[in-house]
$ cat entry-v5.txt   # compact mmCIF, N, CA and C atoms
# COMPACT_ATOMS: atom_id res chain seq x y z
N MET S 1 51.79 -106.04 88.93
CA MET S 1 50.43 -106.45 89.26
C MET S 1 50.07 -107.66 88.41
N LYS S 2 49.55 -108.70 89.08
CA LYS S 2 49.16 -109.91 88.38
C LYS S 2 47.69 -110.22 88.72
N ILE S 3 46.88 -110.48 87.70
CA ILE S 3 45.49 -110.86 87.92
C ILE S 3 45.44 -112.36 88.15
N ILE S 4 45.06 -112.74 89.37
CA ILE S 4 44.98 -114.15 89.76
C ILE S 4 43.65 -114.76 89.29
N TYR S 5 42.60 -113.94 89.34
CA TYR S 5 41.26 -114.42 89.00
C TYR S 5 40.45 -113.24 88.46
N GLU S 6 39.62 -113.53 87.46
CA GLU S 6 38.75 -112.50 86.92
C GLU S 6 37.44 -113.14 86.46
N ASN S 7 36.35 -112.43 86.71
CA ASN S 7 35.04 -112.91 86.29
C ASN S 7 34.10 -111.72 86.16
N GLN S 8 32.95 -111.97 85.55
CA GLN S 8 31.96 -110.92 85.33
C GLN S 8 30.58 -111.46 85.66
N VAL S 9 29.78 -110.66 86.34
CA VAL S 9 28.42 -111.06 86.72
C VAL S 9 27.55 -111.12 85.48
N LYS S 10 26.88 -112.27 85.30
CA LYS S 10 25.99 -112.47 84.16
C LYS S 10 24.52 -112.27 84.52
N ALA S 11 24.19 -112.55 85.78
CA ALA S 11 22.79 -112.43 86.23
C ALA S 11 22.78 -112.32 87.74
N LEU S 12 21.66 -111.78 88.26
CA LEU S 12 21.48 -111.64 89.70
C LEU S 12 20.29 -112.47 90.13
N GLY S 13 20.48 -113.24 91.20
CA GLY S 13 19.36 -113.97 91.78
C GLY S 13 18.37 -113.00 92.40
N ALA S 14 17.13 -113.40 92.47
CA ALA S 14 16.05 -112.52 92.95
C ALA S 14 16.25 -112.09 94.40
N CYS S 15 17.03 -112.84 95.18
CA CYS S 15 17.16 -112.55 96.61
C CYS S 15 18.58 -112.16 97.02
N VAL S 16 19.42 -111.71 96.09
CA VAL S 16 20.81 -111.42 96.44
C VAL S 16 20.95 -110.36 97.53
N ASP S 17 20.01 -109.43 97.60
CA ASP S 17 20.09 -108.37 98.60
C ASP S 17 19.90 -108.86 100.02
N GLU S 18 19.35 -110.05 100.20
CA GLU S 18 19.09 -110.57 101.55
C GLU S 18 20.36 -110.79 102.36
N PHE S 19 21.49 -110.98 101.69
CA PHE S 19 22.75 -111.20 102.41
C PHE S 19 23.52 -109.90 102.64
N GLN S 20 23.04 -108.79 102.10
CA GLN S 20 23.76 -107.53 102.22
C GLN S 20 23.89 -107.09 103.68
N GLU S 21 22.83 -107.25 104.46
CA GLU S 21 22.90 -106.90 105.89
C GLU S 21 23.95 -107.71 106.62
N ALA S 22 24.14 -108.95 106.20
CA ALA S 22 25.14 -109.81 106.82
C ALA S 22 26.55 -109.48 106.33
N GLY S 23 26.65 -108.62 105.32
CA GLY S 23 27.96 -108.22 104.83
C GLY S 23 28.63 -109.26 103.95
N LEU S 24 27.84 -109.93 103.13
CA LEU S 24 28.44 -110.92 102.24
C LEU S 24 27.64 -111.05 100.95
N PHE S 25 28.30 -111.59 99.95
CA PHE S 25 27.59 -112.00 98.74
C PHE S 25 28.19 -113.29 98.23
N ILE S 26 27.40 -113.97 97.41
CA ILE S 26 27.75 -115.29 96.91
C ILE S 26 27.78 -115.26 95.39
N ILE S 27 28.86 -115.80 94.82
CA ILE S 27 28.90 -115.99 93.38
C ILE S 27 28.84 -117.48 93.10
N PHE S 28 28.27 -117.83 91.96
CA PHE S 28 28.14 -119.24 91.59
C PHE S 28 28.06 -119.35 90.09
N GLY S 29 28.67 -120.39 89.54
CA GLY S 29 28.60 -120.66 88.10
C GLY S 29 27.21 -121.10 87.69
N ASP S 30 27.07 -121.40 86.42
CA ASP S 30 25.77 -121.77 85.85
C ASP S 30 25.14 -123.00 86.49
N ASN S 31 25.94 -123.82 87.14
CA ASN S 31 25.42 -125.07 87.71
C ASN S 31 25.00 -124.92 89.17
N ALA S 32 24.68 -123.71 89.60
CA ALA S 32 24.23 -123.49 90.98
C ALA S 32 22.97 -124.31 91.24
N PRO S 33 22.88 -124.96 92.40
CA PRO S 33 21.67 -125.70 92.74
C PRO S 33 20.46 -124.77 92.76
N ASP S 34 19.31 -125.28 92.36
CA ASP S 34 18.10 -124.48 92.28
C ASP S 34 17.79 -123.74 93.59
N GLU S 35 18.04 -124.39 94.73
CA GLU S 35 17.72 -123.77 96.02
C GLU S 35 18.67 -122.61 96.36
N LEU S 36 19.77 -122.47 95.63
CA LEU S 36 20.71 -121.38 95.89
C LEU S 36 20.70 -120.28 94.83
N LYS S 37 20.20 -120.58 93.64
CA LYS S 37 20.29 -119.63 92.52
C LYS S 37 19.74 -118.25 92.86
N ASP S 38 18.65 -118.18 93.59
CA ASP S 38 18.05 -116.89 93.91
C ASP S 38 18.93 -116.03 94.81
N TYR S 39 19.91 -116.64 95.48
CA TYR S 39 20.75 -115.92 96.43
C TYR S 39 22.14 -115.61 95.89
N CYS S 40 22.38 -115.93 94.63
CA CYS S 40 23.71 -115.82 94.05
C CYS S 40 23.79 -114.84 92.89
N TYR S 41 25.00 -114.32 92.72
CA TYR S 41 25.35 -113.61 91.49
C TYR S 41 25.90 -114.68 90.55
N SER S 42 25.33 -114.79 89.37
CA SER S 42 25.73 -115.81 88.41
C SER S 42 26.96 -115.36 87.63
N VAL S 43 27.96 -116.24 87.57
CA VAL S 43 29.21 -115.97 86.85
C VAL S 43 29.58 -117.20 86.02
N SER S 44 30.57 -117.06 85.17
CA SER S 44 31.12 -118.20 84.45
C SER S 44 32.08 -118.95 85.36
N VAL S 45 32.44 -120.16 84.99
CA VAL S 45 33.47 -120.90 85.71
C VAL S 45 34.79 -120.57 85.03
N ASN S 46 35.62 -119.80 85.71
CA ASN S 46 36.90 -119.36 85.15
C ASN S 46 38.05 -119.92 85.97
N PRO S 47 39.20 -120.17 85.35
CA PRO S 47 40.35 -120.70 86.07
C PRO S 47 40.99 -119.64 86.97
N ILE S 48 41.72 -120.14 87.96
CA ILE S 48 42.52 -119.28 88.83
C ILE S 48 43.97 -119.38 88.34
N GLN S 49 44.62 -118.24 88.20
CA GLN S 49 45.99 -118.19 87.69
C GLN S 49 46.97 -117.94 88.83
N GLY S 50 47.14 -118.92 89.70
CA GLY S 50 48.03 -118.76 90.84
C GLY S 50 47.32 -119.14 92.13
N THR S 51 47.78 -118.58 93.23
CA THR S 51 47.26 -118.87 94.55
C THR S 51 46.56 -117.64 95.11
N ILE S 52 45.36 -117.83 95.65
CA ILE S 52 44.65 -116.74 96.31
C ILE S 52 45.10 -116.72 97.77
N ALA S 53 45.51 -115.54 98.24
CA ALA S 53 46.07 -115.46 99.60
C ALA S 53 45.72 -114.13 100.25
N ALA S 54 45.74 -114.14 101.58
CA ALA S 54 45.56 -112.91 102.34
C ALA S 54 46.63 -111.91 101.91
N GLY S 55 46.25 -110.64 101.87
CA GLY S 55 47.16 -109.59 101.45
C GLY S 55 46.94 -109.15 100.01
N GLN S 56 46.33 -110.03 99.20
CA GLN S 56 46.00 -109.65 97.83
C GLN S 56 44.78 -108.73 97.85
N MET S 57 44.40 -108.23 96.68
CA MET S 57 43.26 -107.32 96.57
C MET S 57 42.12 -107.97 95.81
N LEU S 58 40.91 -107.76 96.31
CA LEU S 58 39.70 -108.07 95.57
C LEU S 58 39.23 -106.75 94.99
N LYS S 59 39.11 -106.70 93.68
CA LYS S 59 38.62 -105.50 93.01
C LYS S 59 37.25 -105.82 92.44
N VAL S 60 36.27 -105.00 92.79
CA VAL S 60 34.91 -105.14 92.30
C VAL S 60 34.61 -103.86 91.54
N ASP S 61 34.67 -103.94 90.21
CA ASP S 61 34.66 -102.74 89.36
C ASP S 61 35.78 -101.82 89.85
N ASP S 62 35.46 -100.65 90.39
CA ASP S 62 36.51 -99.71 90.83
C ASP S 62 36.79 -99.75 92.33
N ALA S 63 36.05 -100.56 93.07
CA ALA S 63 36.23 -100.65 94.52
C ALA S 63 37.26 -101.74 94.85
N CYS S 64 38.18 -101.44 95.76
CA CYS S 64 39.23 -102.39 96.13
C CYS S 64 39.13 -102.76 97.60
N TYR S 65 39.35 -104.03 97.88
CA TYR S 65 39.26 -104.57 99.24
C TYR S 65 40.45 -105.50 99.46
N ARG S 66 41.19 -105.27 100.54
CA ARG S 66 42.30 -106.15 100.89
C ARG S 66 41.74 -107.48 101.40
N ILE S 67 42.26 -108.58 100.89
CA ILE S 67 41.85 -109.91 101.36
C ILE S 67 42.51 -110.16 102.71
N THR S 68 41.69 -110.53 103.70
CA THR S 68 42.20 -110.74 105.06
C THR S 68 42.34 -112.21 105.43
N ALA S 69 41.59 -113.09 104.78
CA ALA S 69 41.69 -114.54 105.04
C ALA S 69 41.04 -115.28 103.88
N VAL S 70 41.51 -116.51 103.64
CA VAL S 70 40.99 -117.33 102.55
C VAL S 70 40.69 -118.73 103.10
N GLY S 71 39.43 -119.15 103.00
CA GLY S 71 39.06 -120.49 103.42
C GLY S 71 39.73 -121.54 102.56
N SER S 72 40.01 -122.69 103.14
CA SER S 72 40.76 -123.73 102.43
C SER S 72 40.03 -124.26 101.20
N GLU S 73 38.71 -124.23 101.19
CA GLU S 73 37.94 -124.74 100.05
C GLU S 73 37.64 -123.68 99.00
N ALA S 74 37.78 -122.40 99.34
CA ALA S 74 37.39 -121.32 98.44
C ALA S 74 38.06 -121.40 97.06
N PRO S 75 39.37 -121.61 96.98
CA PRO S 75 39.98 -121.69 95.65
C PRO S 75 39.46 -122.88 94.83
N HIS S 76 39.18 -123.99 95.49
CA HIS S 76 38.71 -125.19 94.79
C HIS S 76 37.30 -124.99 94.24
N THR S 77 36.41 -124.47 95.07
CA THR S 77 35.03 -124.28 94.62
C THR S 77 34.94 -123.14 93.61
N LEU S 78 35.80 -122.14 93.75
CA LEU S 78 35.81 -121.03 92.80
C LEU S 78 36.26 -121.52 91.42
N ALA S 79 37.34 -122.28 91.38
CA ALA S 79 37.86 -122.79 90.10
C ALA S 79 36.95 -123.86 89.49
N GLY S 80 36.37 -124.71 90.34
CA GLY S 80 35.60 -125.83 89.82
C GLY S 80 34.14 -125.54 89.55
N LEU S 81 33.54 -124.65 90.36
CA LEU S 81 32.11 -124.38 90.26
C LEU S 81 31.78 -122.90 90.02
N GLY S 82 32.79 -122.05 90.08
CA GLY S 82 32.54 -120.61 90.05
C GLY S 82 31.89 -120.14 91.34
N HIS S 83 32.02 -120.94 92.40
CA HIS S 83 31.32 -120.67 93.66
C HIS S 83 32.26 -120.18 94.75
N CYS S 84 31.84 -119.09 95.39
CA CYS S 84 32.59 -118.55 96.52
C CYS S 84 31.70 -117.55 97.25
N THR S 85 31.86 -117.50 98.55
CA THR S 85 31.23 -116.45 99.35
C THR S 85 32.29 -115.40 99.64
N ILE S 86 31.93 -114.13 99.45
CA ILE S 86 32.81 -113.03 99.81
C ILE S 86 32.22 -112.39 101.06
N ASN S 87 33.01 -112.35 102.13
CA ASN S 87 32.56 -111.82 103.41
C ASN S 87 33.32 -110.52 103.69
N PHE S 88 32.57 -109.45 103.93
CA PHE S 88 33.14 -108.12 104.14
C PHE S 88 33.31 -107.77 105.62
N SER S 89 33.60 -108.76 106.45
CA SER S 89 33.73 -108.55 107.90
C SER S 89 35.11 -108.06 108.32
N GLY S 90 36.11 -108.31 107.48
CA GLY S 90 37.48 -107.95 107.84
C GLY S 90 38.15 -108.95 108.75
N GLN S 91 37.47 -110.04 109.06
CA GLN S 91 38.08 -111.00 109.99
C GLN S 91 39.29 -111.69 109.36
N THR S 92 40.21 -112.08 110.22
CA THR S 92 41.46 -112.68 109.76
C THR S 92 41.51 -114.19 110.04
N THR S 93 40.45 -114.72 110.63
CA THR S 93 40.35 -116.16 110.84
C THR S 93 39.18 -116.68 110.01
N VAL S 94 39.29 -117.91 109.59
CA VAL S 94 38.29 -118.51 108.70
C VAL S 94 37.25 -119.28 109.51
N ASP S 95 35.99 -118.91 109.35
CA ASP S 95 34.88 -119.66 109.96
C ASP S 95 34.31 -120.67 108.97
N LEU S 96 34.23 -120.27 107.70
CA LEU S 96 33.64 -121.12 106.67
C LEU S 96 34.66 -121.38 105.57
N PRO S 97 34.96 -122.64 105.26
CA PRO S 97 36.06 -122.95 104.35
C PRO S 97 35.86 -122.49 102.91
N GLY S 98 34.63 -122.20 102.49
CA GLY S 98 34.37 -121.76 101.12
C GLY S 98 34.30 -120.25 100.98
N THR S 99 34.86 -119.52 101.94
CA THR S 99 34.71 -118.07 101.99
C THR S 99 36.05 -117.36 101.84
N ILE S 100 36.01 -116.24 101.11
CA ILE S 100 37.13 -115.30 101.08
C ILE S 100 36.70 -114.09 101.89
N TYR S 101 37.51 -113.72 102.87
CA TYR S 101 37.21 -112.59 103.76
C TYR S 101 38.01 -111.38 103.28
N VAL S 102 37.34 -110.23 103.27
CA VAL S 102 38.01 -108.99 102.87
C VAL S 102 37.80 -107.93 103.94
N GLU S 103 38.57 -106.85 103.82
CA GLU S 103 38.50 -105.80 104.83
C GLU S 103 37.08 -105.25 104.96
N HIS S 104 36.81 -104.77 106.16
CA HIS S 104 35.48 -104.25 106.48
C HIS S 104 35.34 -102.83 105.95
N LYS S 105 34.67 -102.73 104.83
CA LYS S 105 34.34 -101.45 104.21
C LYS S 105 32.95 -101.61 103.61
N PRO S 106 32.29 -100.52 103.24
CA PRO S 106 30.97 -100.67 102.60
C PRO S 106 31.05 -101.58 101.39
N MET S 107 30.05 -102.45 101.28
CA MET S 107 30.00 -103.37 100.16
C MET S 107 29.76 -102.62 98.86
N PRO S 108 30.32 -103.13 97.76
CA PRO S 108 30.10 -102.48 96.48
C PRO S 108 28.71 -102.79 95.94
N THR S 109 28.28 -101.97 95.01
CA THR S 109 27.06 -102.27 94.27
C THR S 109 27.43 -103.24 93.17
N VAL S 110 26.72 -104.36 93.12
CA VAL S 110 27.01 -105.39 92.12
C VAL S 110 25.80 -105.51 91.21
N SER S 111 26.06 -105.49 89.92
CA SER S 111 24.98 -105.61 88.95
C SER S 111 25.48 -106.45 87.76
N VAL S 112 24.61 -106.71 86.82
CA VAL S 112 25.02 -107.45 85.63
C VAL S 112 26.13 -106.63 84.95
N GLY S 113 27.23 -107.30 84.65
CA GLY S 113 28.37 -106.62 84.04
C GLY S 113 29.47 -106.26 85.01
N THR S 114 29.20 -106.32 86.33
CA THR S 114 30.23 -106.04 87.32
C THR S 114 31.39 -107.03 87.14
N VAL S 115 32.61 -106.51 87.20
CA VAL S 115 33.80 -107.34 87.04
C VAL S 115 34.48 -107.52 88.40
N PHE S 116 34.78 -108.79 88.72
CA PHE S 116 35.53 -109.15 89.92
C PHE S 116 36.94 -109.51 89.49
N GLN S 117 37.93 -109.04 90.23
CA GLN S 117 39.30 -109.47 90.01
C GLN S 117 39.96 -109.70 91.36
N ILE S 118 40.83 -110.70 91.40
CA ILE S 118 41.71 -110.89 92.55
C ILE S 118 43.10 -110.59 92.01
N ILE S 119 43.77 -109.63 92.66
CA ILE S 119 45.02 -109.09 92.14
C ILE S 119 46.13 -109.28 93.15
N GLU S 120 47.27 -109.77 92.65
CA GLU S 120 48.49 -109.84 93.45
C GLU S 120 49.34 -108.64 93.06
N GLU S 121 49.65 -107.82 94.03
CA GLU S 121 50.39 -106.58 93.72
C GLU S 121 51.88 -106.80 93.72
$ encode --input "entry-v5.txt" --output "structure tokens"
Amino acid sequence: MKIIYENQVKALGACVDEFQEAGLFIIFGDNAPDELKDYCYSVSVNPIQGTIAAGQMLKVDDACYRITAVGSEAPHTLAGLGHCTINFSGQTTVDLPGTIYVEHKPMPTVSVGTVFQIIEE
């Protein structure tokens, strides 16, 4: 098992729950634009140790989700800005290039201190 990416939620925007019905959440580093901060989980900007790819696992605390698709921009914005959208639709095609898609299961509860990991098994 290799940890490709790891981060921890530092703060929650006031409106993060608004995207829950849509089955997604957004993480962003400290430099999130003011118009987006309320909709994001705040994280540090951390490096990616390898390549993020379909078939790997997204672990959110103790909940695990198989990655089904990775947008072409997601690794770049994640590494450079701490920014990425996680979509829990289970789709295997990419609609938005800054999104990582994971299997369709109930979304995890995310709070300050929640740890995200992308794991290559």
$ atom_distance --input "entry-v5.txt" --atom1 "atom N of S:Pro106" --atom2 "atom CA of S:Asn7"
21.2 Å
$ residues_near_point --input "entry-v5.txt" --point "(40.7, -107.4, 106.9)" --cutoff "6.5 Å" --atoms "all atoms listed in the file" --output "compact mmCIF listing (two decimals) with N, CA and C atoms, in the frame of the given file"
# COMPACT_ATOMS: atom_id res chain seq x y z
N ARG S 66 41.19 -105.27 100.54
CA ARG S 66 42.30 -106.15 100.89
C ARG S 66 41.74 -107.48 101.40
N ILE S 67 42.26 -108.58 100.89
CA ILE S 67 41.85 -109.91 101.36
C ILE S 67 42.51 -110.16 102.71
N THR S 68 41.69 -110.53 103.70
CA THR S 68 42.20 -110.74 105.06
C THR S 68 42.34 -112.21 105.43
N ALA S 69 41.59 -113.09 104.78
CA ALA S 69 41.69 -114.54 105.04
C ALA S 69 41.04 -115.28 103.88
N SER S 89 33.60 -108.76 106.45
CA SER S 89 33.73 -108.55 107.90
C SER S 89 35.11 -108.06 108.32
N GLY S 90 36.11 -108.31 107.48
CA GLY S 90 37.48 -107.95 107.84
C GLY S 90 38.15 -108.95 108.75
N GLN S 91 37.47 -110.04 109.06
CA GLN S 91 38.08 -111.00 109.99
C GLN S 91 39.29 -111.69 109.36
N THR S 92 40.21 -112.08 110.22
CA THR S 92 41.46 -112.68 109.76
C THR S 92 41.51 -114.19 110.04
N TYR S 101 37.51 -113.72 102.87
CA TYR S 101 37.21 -112.59 103.76
C TYR S 101 38.01 -111.38 103.28
N VAL S 102 37.34 -110.23 103.27
CA VAL S 102 38.01 -108.99 102.87
C VAL S 102 37.80 -107.93 103.94
N GLU S 103 38.57 -106.85 103.82
CA GLU S 103 38.50 -105.80 104.83
C GLU S 103 37.08 -105.25 104.96
N HIS S 104 36.81 -104.77 106.16
CA HIS S 104 35.48 -104.25 106.48
C HIS S 104 35.34 -102.83 105.95
$ closest_residue --input "entry-v5.txt" --among "S:Gly113, S:Gly13, S:Gly71, S:Gly82" --to "S:Thr99" --atoms "all atoms listed in the file"
S:Gly71
$ residues_around --input "entry-v5.txt" --residues "S:Val60" --least-positions-apart "5" --cutoff "6.5 Å" --atoms "only N, CA and C atoms" --output "ChimeraX atom specification"
/S:65,114-117
$ closest_residue --input "entry-v5.txt" --among "S:Gln49, S:Gln56, S:Ser72, S:Ser44" --to "S:Gln8" --atoms "only C-alpha atoms"
S:Ser44
$ residues_around --input "entry-v5.txt" --residues "S:Tyr39" --least-positions-apart "4" --cutoff "7 Å" --atoms "all atoms listed in the file" --output "list of chain:residue names"
S:Leu12, S:Gly13, S:Ala14, S:Cys15, S:Val16, S:Asp17, S:Phe25, S:Ile26, S:Ile27, S:Glu35
$ closest_residue --input "entry-v5.txt" --among "S:Val43, S:Phe28, S:Gly98, S:Glu120" --to "S:Lys10" --atoms "all atoms listed in the file"
S:Val43
$ select_by_dssp --input "entry-v5.txt" --residues "chain S" --states "strand (DSSP E)" --output "PyMOL selection string"
chain S and resi 2-8+11-12+24-28+41-42+57-60+63-70+84-87+99-102+115-120
$ atom_distance --input "entry-v5.txt" --atom1 "atom CA of S:Thr51" --atom2 "atom CA of S:Asn87"
18.6 Å
$ closest_residue --input "entry-v5.txt" --among "S:Glu18, S:Gly50, S:Ile100, S:Asp38" --to "S:Tyr5" --atoms "only N, CA and C atoms"
S:Gly50
$ atom_distance --input "entry-v5.txt" --atom1 "atom C of S:Glu21" --atom2 "atom CA of S:Pro47"
29.3 Å
$ build_atoms --input "entry-v5.txt" --residues "stretch 22-35 of chain S" --atoms "N, CA, C and O atoms" --output "mmCIF file, keeping the file's coordinate frame"
data_model
loop_
_atom_site.group_PDB
_atom_site.id
_atom_site.type_symbol
_atom_site.label_atom_id
_atom_site.label_comp_id
_atom_site.auth_asym_id
_atom_site.auth_seq_id
_atom_site.Cartn_x
_atom_site.Cartn_y
_atom_site.Cartn_z
ATOM 1 N N ALA S 22 24.140 -108.950 106.200
ATOM 2 C CA ALA S 22 25.140 -109.810 106.820
ATOM 3 C C ALA S 22 26.550 -109.480 106.330
ATOM 4 O O ALA S 22 27.521 -110.026 106.849
ATOM 5 N N GLY S 23 26.650 -108.620 105.320
ATOM 6 C CA GLY S 23 27.960 -108.220 104.830
ATOM 7 C C GLY S 23 28.630 -109.260 103.950
ATOM 8 O O GLY S 23 29.843 -109.436 104.004
ATOM 9 N N LEU S 24 27.840 -109.930 103.130
ATOM 10 C CA LEU S 24 28.440 -110.920 102.240
ATOM 11 C C LEU S 24 27.640 -111.050 100.950
ATOM 12 O O LEU S 24 26.490 -110.645 100.877
ATOM 13 N N PHE S 25 28.300 -111.590 99.950
ATOM 14 C CA PHE S 25 27.590 -112.000 98.740
ATOM 15 C C PHE S 25 28.190 -113.290 98.230
ATOM 16 O O PHE S 25 29.298 -113.679 98.583
ATOM 17 N N ILE S 26 27.400 -113.970 97.410
ATOM 18 C CA ILE S 26 27.750 -115.290 96.910
ATOM 19 C C ILE S 26 27.780 -115.260 95.390
ATOM 20 O O ILE S 26 26.838 -114.769 94.766
ATOM 21 N N ILE S 27 28.860 -115.800 94.820
ATOM 22 C CA ILE S 27 28.900 -115.990 93.380
ATOM 23 C C ILE S 27 28.840 -117.480 93.100
ATOM 24 O O ILE S 27 29.293 -118.300 93.911
ATOM 25 N N PHE S 28 28.270 -117.830 91.960
ATOM 26 C CA PHE S 28 28.140 -119.240 91.590
ATOM 27 C C PHE S 28 28.060 -119.350 90.090
ATOM 28 O O PHE S 28 27.449 -118.508 89.431
ATOM 29 N N GLY S 29 28.670 -120.390 89.540
ATOM 30 C CA GLY S 29 28.600 -120.660 88.100
ATOM 31 C C GLY S 29 27.210 -121.100 87.690
ATOM 32 O O GLY S 29 26.289 -121.194 88.509
ATOM 33 N N ASP S 30 27.070 -121.400 86.420
ATOM 34 C CA ASP S 30 25.770 -121.770 85.850
ATOM 35 C C ASP S 30 25.140 -123.000 86.490
ATOM 36 O O ASP S 30 23.938 -123.202 86.384
ATOM 37 N N ASN S 31 25.940 -123.820 87.140
ATOM 38 C CA ASN S 31 25.420 -125.070 87.710
ATOM 39 C C ASN S 31 25.000 -124.920 89.170
ATOM 40 O O ASN S 31 24.953 -125.893 89.910
ATOM 41 N N ALA S 32 24.680 -123.710 89.600
ATOM 42 C CA ALA S 32 24.230 -123.490 90.980
ATOM 43 C C ALA S 32 22.970 -124.310 91.240
ATOM 44 O O ALA S 32 22.079 -124.369 90.392
ATOM 45 N N PRO S 33 22.880 -124.960 92.400
ATOM 46 C CA PRO S 33 21.670 -125.700 92.740
ATOM 47 C C PRO S 33 20.460 -124.770 92.760
ATOM 48 O O PRO S 33 20.572 -123.594 93.124
ATOM 49 N N ASP S 34 19.310 -125.280 92.360
ATOM 50 C CA ASP S 34 18.100 -124.480 92.280
ATOM 51 C C ASP S 34 17.790 -123.740 93.590
ATOM 52 O O ASP S 34 17.356 -122.597 93.569
ATOM 53 N N GLU S 35 18.040 -124.390 94.730
ATOM 54 C CA GLU S 35 17.720 -123.770 96.020
ATOM 55 C C GLU S 35 18.670 -122.610 96.360
ATOM 56 O O GLU S 35 18.387 -121.826 97.263
#
